[in-house]
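Engineer: Take this structure, written in structure tokens, and hold onto it; I'll ask about it next.
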Amino acid sequence: MAIRTLHAPAKTNARDRAERKLAFRMTAPSLVIMTLVAAVPIGYAVWLSLNQYSVRTAGLSRFVGLENYINALASQEWWAAFGQTFLFAGLSVSLELILGTAMALLLNLAFKGRAVLRTVVLLPYAIITVVSAITWQTMFQPNMGLVTNVLSTLGLPGGDVVWLGEHGYAMAVIVMADVWKTTPFAALIILAGLQVISAETYEAAELDGASKWQTFVNITLPLLRPAIVLAAIFRTMDALRVFDLPFVLTRGANGTESMSMLAYTQLRENRLVGEGSALSILTFLTVMVVSVIYVRFAGGNIRDVAKEEQ
Amino acid sequence: MSTLTAERPTPELVTAGKAPKRRLRGESKLHPLVWVFVVAVMAFSLIPFYWLVNTSLKKGASLSKGELFPSQPTLENYLVVFQNPEFLLALRNSVIIAVVTTTVALVFASFAAYALARLKMRRKAMILTLILSVTTFPAIAIAAPMFSIWREIGLYDTLLGLIIPKLTFALPLAIYTLTSFFKEIPRELEESAYMDGATPFVAFRKVILPLAVPALATTAILVFISVWNEFLLAVTLTTSPEARPVPVAIAFFSGTSEFDQPLGTISAASVIITVPLVILVLVCQKRIVSGMTAGAVKG
């Protein structure tokens, strides 16, 4: 034992070096795959976006500089898709955060049947997005859907509306489908945040005679902020990339085309690889800028967490 | 946030199969209004499932009237789906893609996650940031160039051509989830392995991996669900039934098998592929929760 202690420093150094070498070897495969399949294509996308490149004319390529970007930014389609994507993200993420917080508070209460509730709430998460879109489509079919049926039976407005045939209604269905599927995700992250708050904090508040509402506003919400911001970041990034829901529900009709869908349409349906690439790079940049803004202004606490983690 | 798991005993977290102990604030008597909310949440989650199953059991007039209960329930739609060779191919494709992607991602990610969670390493923060940034890429940014590259090298419309890009999005998810799980394993275990003369890799293989089996299972479920669910890459990079996975096949299901009302068959197909995932959630509910929150809160 004594000898081992004597030689400890030299041994640690050797182990340090061995560890670093091993760490490099262990991370390399993942990093190589991700670089090859993410960074290289994105670089190639940038190159494609600077060219006039059409699959229809057998890949004829002509360097056009920023023309594709200028055309995209001058087009009504891009700004419409941009606006609709943000409208969708704003509506669905705020609903998911409010509902998710309420659900998390509910799941944090001790009552009989909490386990059942947790399982039920989680079910929509497992359903694939395309199926979730189909499910909501069937509920809003004119006359034969559950919602339209019930509304018209009760004599309420909305029963005779072609929901997916009008912009406002179609957007509402898309938002509902998204809220249905992904609120559990927001709720679970916020629930994890709730469980960090110590019981003593609440006991102290109770001693001070705070009402339940005061406790919620002055203690629970501020302490939950990091979890809520985190849920907001994840959900916003996802919502800004939205594709499946409008693709299945409306095929982008009635002004529901998202940024990703517009790029897809140019690329696959119109076979305009240059334009499609420029649009996908613009989508990429938009998502990136939003995530930087989030981390900068709302995510101070996230950076603290990251620092602690290191 | 990082204290989240500190007070919990470690083995419980590593097994990830047990529900974390929760504060039992108040007694199990809920305010009636809260019960109303509980019921509302349950209804909101379950009614769409009911309607999907209901639609799948209806045919003809029963379908077009939108009966709240099928007056003449029929399994005909299910028969149509199972006799559709394109659907069966899509099912096969999805299984192959999801299983291969999940397996490969798990192997590479467990290496990377161990290095990031435990080993001394240069530029660790930068690598973590890079990995996380991949998850923020919109898939369309990859899909556009992949479409061109794959057409040129012959991977377009093949299963491998889908597995490779899906792996890129599966890897960061798996690395993040596993890193936070590995951090929960007590260090003393490796220290004692080192004392016995084990190298770091042997410590990983003989000590950490066996302990991490539940964490690996949790991560596998999350990766599997996300790969199975992915749509944009699948629709951009495939064109024939030989390579199309289930979500794309369902999205294009309209009118091919039936002329007038494909809604019944589409619903039946949706039910068929949802049942296994619902069972997965029912069985592994606690695992899924721990995986989602581990990756997320720590990420």
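Ordered as shown in the structure tokens, chains take letters A, B, and onward, while each chain numbers its residues from 1 and ligands are numbered from 1 in the order shown.
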Any idea what's packed within 9 Å of B:Pro172, counting only C-alpha atoms, ignoring anything in its chain fewer than 6 positions away? Could you give it as a list in words?

Structural biologist: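 With the cut-off at 9 Å, the set is Ser30 and Met34 of chain A; Ala105, Ala109, Ile131, Leu132, Ser133, Val134 and Thr135 of chain B.
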
Engineer: Could you please take those selected residues and save N, CA, C and O atoms as a JSON list (two decimals), in the first residue's frame?

Structural biologist:
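Generated output (again30.json):
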```
[["chain", "number", "residue", "atom", "x", "y", "z"],
["A", 30, "SER", "N", -18.40, 8.68, -33.39],
["A", 30, "SER", "CA", -19.61, 9.50, -33.42],
["A", 30, "SER", "C", -19.36, 10.83, -34.10],
["A", 30, "SER", "O", -20.16, 11.28, -34.92],
["A", 34, "MET", "N", -21.12, 12.21, -37.50],
["A", 34, "MET", "CA", -21.91, 13.44, -37.48],
["A", 34, "MET", "C", -21.33, 14.51, -38.41],
["A", 34, "MET", "O", -22.06, 15.24, -39.06],
["B", 105, "ALA", "N", -26.42, 3.42, -33.31],
["B", 105, "ALA", "CA", -26.34, 4.65, -32.52],
["B", 105, "ALA", "C", -25.97, 4.34, -31.08],
["B", 105, "ALA", "O", -25.15, 5.02, -30.48],
["B", 109, "ALA", "N", -22.70, 5.75, -29.42],
["B", 109, "ALA", "CA", -23.06, 6.75, -28.41],
["B", 109, "ALA", "C", -22.60, 6.34, -27.02],
["B", 109, "ALA", "O", -22.19, 7.19, -26.24],
["B", 131, "ILE", "N", -22.12, 18.66, -30.49],
["B", 131, "ILE", "CA", -23.09, 17.56, -30.57],
["B", 131, "ILE", "C", -24.50, 18.09, -30.39],
["B", 131, "ILE", "O", -25.42, 17.73, -31.13],
["B", 132, "LEU", "N", -24.67, 18.99, -29.41],
["B", 132, "LEU", "CA", -26.00, 19.54, -29.17],
["B", 132, "LEU", "C", -26.49, 20.34, -30.37],
["B", 132, "LEU", "O", -27.66, 20.33, -30.71],
["B", 133, "SER", "N", -25.54, 21.01, -31.04],
["B", 133, "SER", "CA", -25.95, 21.86, -32.16],
["B", 133, "SER", "C", -26.50, 21.03, -33.31],
["B", 133, "SER", "O", -27.33, 21.51, -34.08],
["B", 134, "VAL", "N", -26.05, 19.78, -33.42],
["B", 134, "VAL", "CA", -26.58, 18.92, -34.48],
["B", 134, "VAL", "C", -28.09, 18.71, -34.28],
["B", 134, "VAL", "O", -28.86, 18.65, -35.23],
["B", 135, "THR", "N", -28.50, 18.64, -32.99],
["B", 135, "THR", "CA", -29.92, 18.41, -32.74],
["B", 135, "THR", "C", -30.77, 19.61, -33.14],
["B", 135, "THR", "O", -31.98, 19.48, -33.30]]
```

Engineer: If we count only C-alpha atoms and set the cut-off at 9 Å, which residues sit around B:Val38, ignoring sequence neighbours fewer than 6 positions away in its own chain? Please answer as a list in words.

Structural biologist: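 Once the adjacent positions are removed, what remains is Met103, Leu106 and Leu117 of chain A.
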
Engineer: Might you pull out every residue within 9 Å of A:Leu87, with only C-alpha atoms counted and same-chain residues fewer than 5 positions away left off, and present them as a list in words?

Structural biologist: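 Here the qualifying residues turn out to be Phe82, Ser92 and Met171 of chain A.
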
Engineer: Keeping C-alpha atoms for every residue in the selection just given, could you write it to a file as a CSV table (one decimal), in the first residue's frame?

Structural biologist:
```csv
chain,number,residue,atom,x,y,z
A,82,PHE,CA,-41.8,32.4,-42.5
A,92,SER,CA,-48.3,25.9,-30.1
A,171,MET,CA,-54.0,26.5,-38.5
```

Engineer: Would you please give, as a ChimeraX atom specification, all residues of stretch 13-210 of chain A that DSSP assigns to helix (DSSP H, G or I) based on the backbone?

Structural biologist: /A:13-49,67-74,76-108,114-126,129-139,146-153,163-165,167-194,199-207

Engineer: Using DSSP on the backbone coordinates, identify the residues of stretch 13-239 of chain A assigned to strand (DSSP E or B); present them as a VMD selection string.

Structural biologist: chain A and resid 51 to 54 60 to 63

Engineer: Between B:Glu76, B:Asp157, B:Glu230, B:Glu86, which is the closest to chain A once you count only C-alpha atoms?

Structural biologist: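 Comparing B:Glu76, B:Asp157, B:Glu230, B:Glu86 against chain A, the winner is B:Glu230.
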
Engineer: Excluding A:Met144 and any residue of its chain fewer than 3 positions from it, enumerate the residues within 7 Å of it, using only C-alpha atoms, and give them as a PyMOL selection string.

Structural biologist: (chain A and resi 141+149) or (chain B and resi 63-66)

Engineer: Write the residues you've just listed into a file as a PDB file, in the first residue's frame, and include all heavy atoms for each of them.

Structural biologist:
```pdb
ATOM      1  N   GLN A 141     -63.252  16.136 -40.039  1.00  0.00           N
ATOM      2  CA  GLN A 141     -63.886  15.941 -41.342  1.00  0.00           C
ATOM      3  C   GLN A 141     -65.269  16.601 -41.336  1.00  0.00           C
ATOM      4  O   GLN A 141     -65.994  16.474 -40.352  1.00  0.00           O
ATOM      5  CB  GLN A 141     -64.073  14.431 -41.613  1.00  0.00           C
ATOM      6  CG  GLN A 141     -62.810  13.700 -41.979  1.00  0.00           C
ATOM      7  CD  GLN A 141     -62.285  14.086 -43.341  1.00  0.00           C
ATOM      8  OE1 GLN A 141     -63.041  14.180 -44.284  1.00  0.00           O
ATOM      9  NE2 GLN A 141     -60.997  14.335 -43.419  1.00  0.00           N
ATOM     10  N   ASN A 149     -69.263  16.847 -35.977  1.00  0.00           N
ATOM     11  CA  ASN A 149     -70.483  16.150 -35.633  1.00  0.00           C
ATOM     12  C   ASN A 149     -71.114  16.686 -34.351  1.00  0.00           C
ATOM     13  O   ASN A 149     -72.287  17.055 -34.310  1.00  0.00           O
ATOM     14  CB  ASN A 149     -70.123  14.675 -35.437  1.00  0.00           C
ATOM     15  CG  ASN A 149     -71.194  13.779 -35.967  1.00  0.00           C
ATOM     16  OD1 ASN A 149     -72.361  14.160 -35.960  1.00  0.00           O
ATOM     17  ND2 ASN A 149     -70.812  12.611 -36.432  1.00  0.00           N
TER      18      ASN A 149
ATOM     19  N   LEU B  63     -69.484   5.223 -42.027  1.00  0.00           N
ATOM     20  CA  LEU B  63     -68.320   6.102 -42.001  1.00  0.00           C
ATOM     21  C   LEU B  63     -68.717   7.528 -42.365  1.00  0.00           C
ATOM     22  O   LEU B  63     -68.338   8.487 -41.692  1.00  0.00           O
ATOM     23  CB  LEU B  63     -67.262   5.568 -42.978  1.00  0.00           C
ATOM     24  CG  LEU B  63     -65.929   6.301 -43.072  1.00  0.00           C
ATOM     25  CD1 LEU B  63     -65.204   6.294 -41.747  1.00  0.00           C
ATOM     26  CD2 LEU B  63     -65.044   5.649 -44.129  1.00  0.00           C
ATOM     27  N   SER B  64     -69.528   7.661 -43.416  1.00  0.00           N
ATOM     28  CA  SER B  64     -69.818   9.012 -43.889  1.00  0.00           C
ATOM     29  C   SER B  64     -70.806   9.746 -42.981  1.00  0.00           C
ATOM     30  O   SER B  64     -70.895  10.965 -43.014  1.00  0.00           O
ATOM     31  CB  SER B  64     -70.335   8.976 -45.334  1.00  0.00           C
ATOM     32  OG  SER B  64     -71.401   8.083 -45.443  1.00  0.00           O
ATOM     33  N   LYS B  65     -71.552   8.989 -42.150  1.00  0.00           N
ATOM     34  CA  LYS B  65     -72.440   9.665 -41.200  1.00  0.00           C
ATOM     35  C   LYS B  65     -71.685  10.079 -39.939  1.00  0.00           C
ATOM     36  O   LYS B  65     -72.168  10.877 -39.146  1.00  0.00           O
ATOM     37  CB  LYS B  65     -73.609   8.736 -40.821  1.00  0.00           C
ATOM     38  CG  LYS B  65     -74.801   8.848 -41.771  1.00  0.00           C
ATOM     39  CD  LYS B  65     -75.980   8.056 -41.244  1.00  0.00           C
ATOM     40  CE  LYS B  65     -75.722   6.577 -41.299  1.00  0.00           C
ATOM     41  NZ  LYS B  65     -76.800   5.743 -40.771  1.00  0.00           N
ATOM     42  N   GLY B  66     -70.533   9.513 -39.767  1.00  0.00           N
ATOM     43  CA  GLY B  66     -69.738   9.862 -38.597  1.00  0.00           C
ATOM     44  C   GLY B  66     -70.355   9.405 -37.292  1.00  0.00           C
ATOM     45  O   GLY B  66     -70.373  10.133 -36.313  1.00  0.00           O
TER      46      GLY B  66
END
```

Engineer: I need the residue nearest chain A from this list: B:Phe169, B:Phe87, B:Phe111, B:Trp150. Use only C-alpha atoms for the distance.

Structural biologist: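 Among the listed residues, B:Phe111 lies closest to chain A.
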
Engineer: Residues within 9 Å of A:Ile233, please, as a PyMOL selection string. Count only C-alpha atoms; anything in the same chain fewer than 3 positions from it doesn't count.

Structural biologist: chain A and resi 228-230+236-238+291+294-295+299

Engineer: Quote the spacing between atom CA of B:Tyr114 and atom CA of B:Thr179 in Å to one decimal place.

Structural biologist: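 Separation of atom CA of B:Tyr114 and atom CA of B:Thr179: 6.5 Å.
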
Engineer: What's the 9 Å shell around B:Leu277, counting only C-alpha atoms, without same-chain residues fewer than 2 positions away, as a list in words?

Structural biologist: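 The residues satisfying every condition are Leu123, Ala126, Ile127 and Ile128 of chain A; Ile225, Ile273, Thr274, Val275, Ile279, Leu280, Val281 and Leu282 of chain B.
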
Engineer: Do a neighbour search on B:Trp51 at 10 Å with only C-alpha atoms, toss out local chain neighbours closer than 2 positions, and write the hits as a list in words.

Structural biologist: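 Selected residues are Thr135, Trp136, Thr138, Met139, Gly145, Leu146 and Val147 of chain A; Leu46, Ile47, Pro48, Phe49, Val53, Asn54, Thr55, Ser56, Leu57, Gly66, Leu68, Phe69 and Ser267 of chain B.
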
Engineer: For chain B, which residue among A:Gln195, A:Ser75, A:Ser61, A:Thr220 is the nearest when counting only C-alpha atoms?

Structural biologist: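 Checking each candidate against chain B, we get A:Gln195 as the closest.
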
Engineer: Here is a test: counting only C-alpha atoms, which residue of B:Leu263, B:Ala215, B:Leu222, B:Leu178 is nearest to B:Tyr78?

Structural biologist: B:Leu263
